[in-house]
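*Asks:* Have a look at this one before I ask anything.
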Amino acid sequence: MTLWLIILRSLRQHALSTMVTALSTALAGGLLMSVWVVKHQTHGTFTGMTGGWDAVLGARGAKLQLVLNAIFHLEASPGNLPWADYQEIARNPAVALAVPIAVGDNYLGYRLVGVTTNLFSDSEYAPGKKFRVEAGGRIFDDGFREAVVGSFVAQQLRLKVGSEFHPFHGLNFDEKAQHDETYVVVGILEPSNTPADRVLWIPLAGLQNMSGHLAEAATDVSAVLVRLRSPIAGQQLDMLYNKQGNRLTWAWPIGQVMAQLFDKIGWFDQVLALVAYLVALVAAGSILASIYNSMNSRRRDIAILRALGARRRTVFSVIVLEAVAIAALGMMVAFVLYFGILSGVASVIRARTGVVLNPFQPDPVFLWAPLLLIGLSALAGVVPAIKAYQTNVASALAPES
Amino acid sequence: MPLLEIANLTKQFRAPDGSNHEVVRVESFSLEPTTQVALRGPSGTGKTTFLHLIAGILAPDSGRIVLDGTDLTMLSEAGRDRLRAESIGYIFQTFNLLQGFTCLENVLLGMSFGPGADRHRAEELLRHVGLGERLHHYPRQLSTGQQQRVAVARALANRPKLVLADEPTGNLDAASGASALKLIRDGCAENKAALLLVSHDPVVLGGFDRVQDLAAINRPLR
């Protein structure tokens, strides 16, 4: 109790430097936790976000581009594949479900994806979870210019059942490229926290036959989403399409393909982590400098404590614990900072990909980052603590007579 | 049996020019329990060093200091710290209160290094020295006389066997000095503590039955 009273009073006496050093620790802790959680959750979410599919079949090209385009609705399509290829994979006995998709249009920057209705009736975007339409809506009819809108798009564009819109050509919004067709929204999807939330879904034939699209490509599809009966089949189809064939690409397994993306941008994580570690070191350094600089003015107080009977190790502990207390204060603010940073990052990632990060999801970093920073700060406190330990009581108390 | 026995005590310091400078050489000195002794000593006679040696703040170069049967010179520094916290009260000329702590906290802190903080006793002592209304005031909010009274309460808080007072009225006006001195002497008497006070003020020294010249006790080699 005595130690903490001394520490609290000291922190109060040096309130400004306490606040500045605690804030620098908060910045380091907040950054460290944010970088770590964003890295972990994006890796986990993107490699685990398969939309319930095992593989994607598409035109010859990069697997990563194919998966980004078909599953995450990012990137351009590597090309089209004929309807016959869809029929062939759909008939394959190893395939449990195959859903063709077509892309190429947008509405105010949000992608239109042409799809067959079995996406909604037969597929599960996560175990036991099917896409569901909010009350008052329904799935589109294949033969009509109707749309089912992802929850995020509906929210952003204020679309509701009965809203009408004209699609625009291309994956990027260009106001001069408006199609003549008018689509009516017949359903809003309940939030799935998947990339499907930021897509406007229309009948496959509607997208294939949109005015201005090439007539010869009217039966082509951009990709086929595939769910297999058994994982072994993925290997066989890999051999068939990727090694023996040279016309199509079989992107399987999706998680592994996505992992390539993180391999490519792994250096960026490392740079961010390095910055966070450097900030942590600077924070520890600022604690050291701030306490060390205050030691001259505290020399007399330390001598008084010693004259009252405090041992050298007591004053040593006071200084180290003061550094720990500053770091602990900083870490409390760090969690607030972390939630702020992660909420911002999460909203950007959600807007760009539909993937939702959860700032409240437990992560080991919430334990080791505070321990690391508090440990570093305790180490930083050792230097001024040694100075306190060595205080010459007699000379600090009064001049020699 | 004396409370304090000192024999062949020496202490020297290294001067800036590298030579050794002896400050204390006391062949013999003793103090009986509960007695009150004043040492007359002007500046430069080694009085603070002498008191620091008795308090265990400084270690002597040679000699013995036996307090209540315990030879301080045989104790480690931590042992001397413990003995000081438990058995010695120290009143300084400049009060040496911790400025960031209230009156009550200053007294409680002094207790916490000894037998343990006793809030009731701390409050009682502060009331006794006339600061019952200022328990939660900080030293800067008190007059110098009041600050010295806090220091007196702190020195008596652990029921010491010996109180050392180094020019306790040196920074006070005559009225405050007299009041502080009375508190110190009465407090020591009530708490059955011996008092060893050093001063060069004739008014202060005049009130003591036993006054010794420090120069007669302390004869450092020059």
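Just remember, in the structure tokens the first chain shown is A, the second B, etc., residues are 1-based per chain, and ligands are 1-based in the order shown.
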Taking a cut-off of 7 Å and counting only C-alpha atoms, can you build a table that, for each residue of chain A near chain B, reports the nearest atom pair and how far apart they are in Å (one decimal), sorted by chain then residue number, as CSV?
*Replies:*
```
residue,atom,partner,partner_atom,distance
A:Thr2,CA,B:Ser112,CA,6.7
A:Arg9,CA,B:Gly100,CA,6.1
A:Gln13,CA,B:Gly100,CA,6.6
A:Asp301,CA,B:Leu98,CA,6.1
A:Ile304,CA,B:Asn96,CA,6.4
A:Ala307,CA,B:Ile57,CA,6.7
A:Leu308,CA,B:Gly110,CA,5.5
A:Gly309,CA,B:Ala85,CA,4.3
A:Ala310,CA,B:Phe113,CA,5.8
A:Arg311,CA,B:Ala78,CA,5.9
A:Val393,CA,B:Ile57,CA,6.9
A:Ala394,CA,B:Ile57,CA,6.7
A:Glu400,CA,B:Thr48,CA,6.7
A:Ser401,CA,B:Gly44,CA,4.3
```
*Asks:* For segment 83-93 of chain A, please output as a list in words all residues within 9 Å (counting only C-alpha atoms; exclusion window: fewer than 2 positions along the same chain).
*Replies:*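 Listed by chain and then number, they are Leu57, Leu81, Val95, Ala96, Leu97, Ala98, Val99, Pro100, Thr219, Asp220, Val221, Ala223, Val224, Val226 and Arg229 of chain A.
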*Asks:* Excluding same-chain residues fewer than 4 positions from Ala174 of chain B, what lies within 12 Å of it counting only C-alpha atoms, as a list in words?
*Replies:* Thr144, Gly145, Pro168, Thr169, Gly170, Ala178, Ser179, Ala180, Leu181, Asp201, Pro202, Val203 and Val204 of chain B
*Asks:* Mind dumping the selected residues with N, CA and C atoms as a PDB file, in the first residue's frame?
*Replies:*
```
ATOM      1  N   THR B 144       5.792  27.511   8.533  1.00  0.00           N
ATOM      2  CA  THR B 144       6.989  26.735   8.873  1.00  0.00           C
ATOM      3  C   THR B 144       6.844  26.087  10.255  1.00  0.00           C
ATOM      4  N   GLY B 145       6.235  26.815  11.171  1.00  0.00           N
ATOM      5  CA  GLY B 145       6.023  26.263  12.518  1.00  0.00           C
ATOM      6  C   GLY B 145       5.130  25.029  12.460  1.00  0.00           C
ATOM      7  N   PRO B 168      16.306  21.861  15.509  1.00  0.00           N
ATOM      8  CA  PRO B 168      14.883  21.802  15.142  1.00  0.00           C
ATOM      9  C   PRO B 168      14.189  23.152  15.098  1.00  0.00           C
ATOM     10  N   THR B 169      14.807  24.157  15.723  1.00  0.00           N
ATOM     11  CA  THR B 169      14.164  25.484  15.723  1.00  0.00           C
ATOM     12  C   THR B 169      14.927  26.464  14.837  1.00  0.00           C
ATOM     13  N   GLY B 170      15.908  25.957  14.141  1.00  0.00           N
ATOM     14  CA  GLY B 170      16.788  26.829  13.351  1.00  0.00           C
ATOM     15  C   GLY B 170      16.067  27.626  12.277  1.00  0.00           C
ATOM     16  N   ALA B 178       9.880  28.122  20.172  1.00  0.00           N
ATOM     17  CA  ALA B 178       9.601  27.736  21.557  1.00  0.00           C
ATOM     18  C   ALA B 178       8.482  26.711  21.608  1.00  0.00           C
ATOM     19  N   SER B 179       7.467  26.947  20.773  1.00  0.00           N
ATOM     20  CA  SER B 179       6.325  26.035  20.726  1.00  0.00           C
ATOM     21  C   SER B 179       6.761  24.648  20.229  1.00  0.00           C
ATOM     22  N   ALA B 180       7.586  24.646  19.169  1.00  0.00           N
ATOM     23  CA  ALA B 180       8.050  23.368  18.604  1.00  0.00           C
ATOM     24  C   ALA B 180       8.913  22.620  19.616  1.00  0.00           C
ATOM     25  N   LEU B 181       9.779  23.369  20.288  1.00  0.00           N
ATOM     26  CA  LEU B 181      10.667  22.741  21.269  1.00  0.00           C
ATOM     27  C   LEU B 181       9.867  22.106  22.406  1.00  0.00           C
ATOM     28  N   ASP B 201      21.561  27.540  19.567  1.00  0.00           N
ATOM     29  CA  ASP B 201      20.714  28.627  20.052  1.00  0.00           C
ATOM     30  C   ASP B 201      20.674  28.600  21.592  1.00  0.00           C
ATOM     31  N   PRO B 202      21.191  29.644  22.244  1.00  0.00           N
ATOM     32  CA  PRO B 202      21.239  29.659  23.714  1.00  0.00           C
ATOM     33  C   PRO B 202      19.866  29.528  24.341  1.00  0.00           C
ATOM     34  N   VAL B 203      18.843  30.069  23.673  1.00  0.00           N
ATOM     35  CA  VAL B 203      17.491  29.977  24.226  1.00  0.00           C
ATOM     36  C   VAL B 203      17.054  28.525  24.292  1.00  0.00           C
ATOM     37  N   VAL B 204      17.335  27.823  23.260  1.00  0.00           N
ATOM     38  CA  VAL B 204      16.969  26.400  23.210  1.00  0.00           C
ATOM     39  C   VAL B 204      17.772  25.632  24.256  1.00  0.00           C
TER      40      VAL B 204
END
```
*Asks:* Find the residues near segment 5-15 of chain B: any atom within 12 Å, counting only C-alpha atoms, skip ones fewer than 6 places away on the same chain, and give them as a PyMOL selection string.
*Replies:* (chain A and resi 394-395+400-401) or (chain B and resi 21-33+46-54+58-73+217-222)
*Asks:* What would the file look like if the residues just selected were written as a compact mmCIF listing (two decimals), in the first residue's frame with N, CA and C atoms?
*Replies:*
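Okay, this is what ended up in again20.txt:
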```txt
# COMPACT_ATOMS: atom_id res chain seq x y z
N ALA A 394 22.83 11.11 3.19
CA ALA A 394 23.38 12.18 4.02
C ALA A 394 23.56 13.46 3.22
N SER A 395 24.14 13.33 2.02
CA SER A 395 24.41 14.56 1.26
C SER A 395 23.11 15.11 0.67
N GLU A 400 26.85 18.90 4.81
CA GLU A 400 27.70 18.40 5.89
C GLU A 400 28.07 19.55 6.83
N SER A 401 28.06 19.28 8.12
CA SER A 401 28.46 20.36 9.03
C SER A 401 29.79 20.02 9.68
N HIS B 21 39.38 13.76 5.19
CA HIS B 21 39.08 14.84 6.13
C HIS B 21 38.22 14.24 7.25
N GLU B 22 38.80 14.18 8.44
CA GLU B 22 38.05 13.58 9.55
C GLU B 22 37.02 14.57 10.10
N VAL B 23 35.83 14.09 10.27
CA VAL B 23 34.73 14.95 10.74
C VAL B 23 34.30 14.55 12.14
N VAL B 24 34.38 13.27 12.43
CA VAL B 24 33.92 12.80 13.74
C VAL B 24 35.00 11.95 14.39
N ARG B 25 35.30 12.25 15.64
CA ARG B 25 36.14 11.37 16.48
C ARG B 25 35.60 11.51 17.90
N VAL B 26 34.78 10.58 18.29
CA VAL B 26 34.15 10.61 19.61
C VAL B 26 34.67 9.41 20.40
N GLU B 27 35.35 9.70 21.44
CA GLU B 27 35.94 8.62 22.24
C GLU B 27 34.87 7.91 23.05
N SER B 28 33.98 8.71 23.63
CA SER B 28 32.96 8.08 24.47
C SER B 28 31.76 9.02 24.62
N PHE B 29 30.61 8.44 24.52
CA PHE B 29 29.38 9.22 24.75
C PHE B 29 28.27 8.23 25.11
N SER B 30 27.43 8.64 26.04
CA SER B 30 26.31 7.74 26.36
C SER B 30 25.08 8.56 26.74
N LEU B 31 23.96 7.89 26.64
CA LEU B 31 22.69 8.56 26.91
C LEU B 31 21.78 7.54 27.58
N GLU B 32 21.22 7.96 28.71
CA GLU B 32 20.34 7.05 29.45
C GLU B 32 18.94 7.08 28.83
N PRO B 33 18.17 6.03 29.03
CA PRO B 33 16.79 6.02 28.50
C PRO B 33 15.99 7.19 29.07
N GLY B 46 30.57 19.06 12.99
CA GLY B 46 30.26 17.65 12.69
C GLY B 46 29.01 17.14 13.37
N LYS B 47 28.12 18.07 13.76
CA LYS B 47 26.96 17.63 14.53
C LYS B 47 25.99 16.79 13.68
N THR B 48 25.75 17.20 12.43
CA THR B 48 24.82 16.44 11.59
C THR B 48 25.40 15.06 11.27
N THR B 49 26.70 15.03 11.00
CA THR B 49 27.34 13.74 10.71
C THR B 49 27.24 12.83 11.94
N PHE B 50 27.45 13.43 13.11
CA PHE B 50 27.34 12.66 14.36
C PHE B 50 25.94 12.05 14.50
N LEU B 51 24.92 12.87 14.26
CA LEU B 51 23.54 12.37 14.37
C LEU B 51 23.25 11.33 13.29
N HIS B 52 23.75 11.55 12.06
CA HIS B 52 23.56 10.57 10.97
C HIS B 52 24.19 9.22 11.33
N LEU B 53 25.34 9.29 12.02
CA LEU B 53 26.00 8.04 12.43
C LEU B 53 25.14 7.31 13.46
N ILE B 54 24.60 8.07 14.41
CA ILE B 54 23.76 7.45 15.45
C ILE B 54 22.49 6.86 14.81
N LEU B 58 24.66 6.99 8.12
CA LEU B 58 26.06 6.83 7.71
C LEU B 58 26.68 5.69 8.51
N ALA B 59 27.60 5.01 7.89
CA ALA B 59 28.34 3.96 8.61
C ALA B 59 29.66 4.55 9.07
N PRO B 60 30.06 4.29 10.31
CA PRO B 60 31.34 4.86 10.79
C PRO B 60 32.53 4.13 10.17
N ASP B 61 33.68 4.77 10.22
CA ASP B 61 34.91 4.11 9.76
C ASP B 61 35.40 3.16 10.84
N SER B 62 35.18 3.55 12.09
CA SER B 62 35.56 2.66 13.19
C SER B 62 34.76 3.03 14.42
N GLY B 63 34.81 2.18 15.42
CA GLY B 63 34.11 2.46 16.67
C GLY B 63 32.81 1.67 16.79
N ARG B 64 32.13 1.94 17.89
CA ARG B 64 30.90 1.20 18.19
C ARG B 64 29.78 2.17 18.52
N ILE B 65 28.61 1.86 18.04
CA ILE B 65 27.41 2.60 18.44
C ILE B 65 26.40 1.55 18.88
N VAL B 66 26.11 1.52 20.15
CA VAL B 66 25.17 0.51 20.66
C VAL B 66 23.88 1.23 21.07
N LEU B 67 22.80 0.85 20.42
CA LEU B 67 21.51 1.45 20.73
C LEU B 67 20.60 0.37 21.30
N ASP B 68 20.22 0.57 22.53
CA ASP B 68 19.31 -0.38 23.20
C ASP B 68 19.82 -1.82 23.06
N GLY B 69 21.10 -1.98 23.22
CA GLY B 69 21.70 -3.31 23.20
C GLY B 69 22.11 -3.81 21.83
N THR B 70 21.78 -3.06 20.78
CA THR B 70 22.12 -3.49 19.42
C THR B 70 23.28 -2.66 18.90
N ASP B 71 24.33 -3.34 18.47
CA ASP B 71 25.49 -2.64 17.92
C ASP B 71 25.23 -2.32 16.46
N LEU B 72 25.00 -1.04 16.20
CA LEU B 72 24.68 -0.61 14.83
C LEU B 72 25.80 -0.94 13.86
N THR B 73 27.04 -0.88 14.37
CA THR B 73 28.18 -1.08 13.47
C THR B 73 28.29 -2.53 13.00
N ILE B 217 33.14 16.66 23.03
CA ILE B 217 32.93 15.22 22.79
C ILE B 217 33.59 14.80 21.48
N ASN B 218 33.41 15.65 20.48
CA ASN B 218 33.89 15.32 19.14
C ASN B 218 35.20 16.06 18.86
N ARG B 219 36.30 15.28 18.78
CA ARG B 219 37.61 15.92 18.57
C ARG B 219 38.31 15.29 17.36
N PRO B 220 37.84 15.68 16.20
CA PRO B 220 38.48 15.10 14.99
C PRO B 220 39.92 15.58 14.83
N LEU B 221 40.71 14.71 14.22
CA LEU B 221 42.10 15.10 13.95
C LEU B 221 42.10 16.08 12.79
N ARG B 222 42.82 17.14 12.88
CA ARG B 222 42.85 18.14 11.81
C ARG B 222 44.19 18.09 11.09
```
*Asks:* If you run DSSP on this backbone, which residues of segment 119-196 of chain B come out as strand (DSSP E or B), and could you give them as a list in words?
*Replies:*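 For segment 119-196 of chain B, the strand (DSSP E or B) set is Leu162, Val163, Leu164, Ala165, Asp166, Ala194, Leu195 and Leu196 of chain B.
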*Asks:* I need the residues from that last selection saved to file as a PDB file, in the first residue's frame (with N, CA, C and O atoms), if you can.
*Replies:*
```pdb
ATOM      1  N   LEU B 162      14.608   6.651  20.891  1.00  0.00           N
ATOM      2  CA  LEU B 162      15.510   7.805  20.838  1.00  0.00           C
ATOM      3  C   LEU B 162      15.018   8.768  19.743  1.00  0.00           C
ATOM      4  O   LEU B 162      14.718   8.347  18.626  1.00  0.00           O
ATOM      5  N   VAL B 163      14.953  10.039  20.109  1.00  0.00           N
ATOM      6  CA  VAL B 163      14.633  11.072  19.101  1.00  0.00           C
ATOM      7  C   VAL B 163      15.870  11.935  18.917  1.00  0.00           C
ATOM      8  O   VAL B 163      16.449  12.428  19.890  1.00  0.00           O
ATOM      9  N   LEU B 164      16.264  12.082  17.654  1.00  0.00           N
ATOM     10  CA  LEU B 164      17.398  12.945  17.324  1.00  0.00           C
ATOM     11  C   LEU B 164      16.822  14.227  16.716  1.00  0.00           C
ATOM     12  O   LEU B 164      15.964  14.155  15.831  1.00  0.00           O
ATOM     13  N   ALA B 165      17.277  15.366  17.207  1.00  0.00           N
ATOM     14  CA  ALA B 165      16.763  16.639  16.683  1.00  0.00           C
ATOM     15  C   ALA B 165      17.940  17.513  16.295  1.00  0.00           C
ATOM     16  O   ALA B 165      18.771  17.858  17.140  1.00  0.00           O
ATOM     17  N   ASP B 166      17.997  17.809  14.998  1.00  0.00           N
ATOM     18  CA  ASP B 166      19.134  18.572  14.466  1.00  0.00           C
ATOM     19  C   ASP B 166      18.685  20.010  14.207  1.00  0.00           C
ATOM     20  O   ASP B 166      17.996  20.268  13.217  1.00  0.00           O
ATOM     21  N   ALA B 194      14.127   8.953  24.733  1.00  0.00           N
ATOM     22  CA  ALA B 194      15.251   9.831  25.055  1.00  0.00           C
ATOM     23  C   ALA B 194      15.374  10.854  23.945  1.00  0.00           C
ATOM     24  O   ALA B 194      14.979  10.592  22.802  1.00  0.00           O
ATOM     25  N   LEU B 195      15.918  12.029  24.268  1.00  0.00           N
ATOM     26  CA  LEU B 195      16.065  13.081  23.254  1.00  0.00           C
ATOM     27  C   LEU B 195      17.521  13.531  23.213  1.00  0.00           C
ATOM     28  O   LEU B 195      18.114  13.864  24.243  1.00  0.00           O
ATOM     29  N   LEU B 196      18.067  13.541  22.017  1.00  0.00           N
ATOM     30  CA  LEU B 196      19.398  14.100  21.806  1.00  0.00           C
ATOM     31  C   LEU B 196      19.246  15.231  20.802  1.00  0.00           C
ATOM     32  O   LEU B 196      18.957  14.985  19.618  1.00  0.00           O
TER      33      LEU B 196
END
```
*Asks:* Determine which residues of segment 34-162 of chain A receive a DSSP assignment of helix (DSSP H, G or I), computed from the backbone, and state them as a PyMOL selection string.
*Replies:* chain A and resi 34-48+63-70+83-91+118-121+151-157
*Asks:* Identify, on the basis of only C-alpha atoms, every residue whose closest approach to Tyr107 of chain A does not exceed 7 Å; exclude the query and any residue fewer than 5 positions from it along the same chain; express the result as a PDB file with N, CA and C atoms, in the first residue's frame.
*Replies:*
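Saved the output as part31.pdb:
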```
ATOM      1  N   LEU A 112     -22.622  -5.986 -60.105  1.00  0.00           N
ATOM      2  CA  LEU A 112     -23.764  -6.849 -60.405  1.00  0.00           C
ATOM      3  C   LEU A 112     -23.194  -8.224 -60.705  1.00  0.00           C
ATOM      4  N   PRO A 167     -28.376  -0.607 -64.552  1.00  0.00           N
ATOM      5  CA  PRO A 167     -26.972  -1.013 -64.378  1.00  0.00           C
ATOM      6  C   PRO A 167     -26.043  -0.174 -65.266  1.00  0.00           C
ATOM      7  N   PHE A 168     -24.772  -0.165 -64.897  1.00  0.00           N
ATOM      8  CA  PHE A 168     -23.751   0.501 -65.706  1.00  0.00           C
ATOM      9  C   PHE A 168     -22.761  -0.552 -66.203  1.00  0.00           C
ATOM     10  N   PHE A 173     -17.512   2.176 -61.943  1.00  0.00           N
ATOM     11  CA  PHE A 173     -18.629   3.061 -62.277  1.00  0.00           C
ATOM     12  C   PHE A 173     -18.186   4.151 -63.262  1.00  0.00           C
TER      13      PHE A 173
END
```
*Asks:* Provide the atom CA of Arg198 of chain A to atom CA of Ile139 of chain A distance in Å, to one decimal place.
*Replies:*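 Separating atom CA of Arg198 of chain A from atom CA of Ile139 of chain A is a distance of 16.4 Å.
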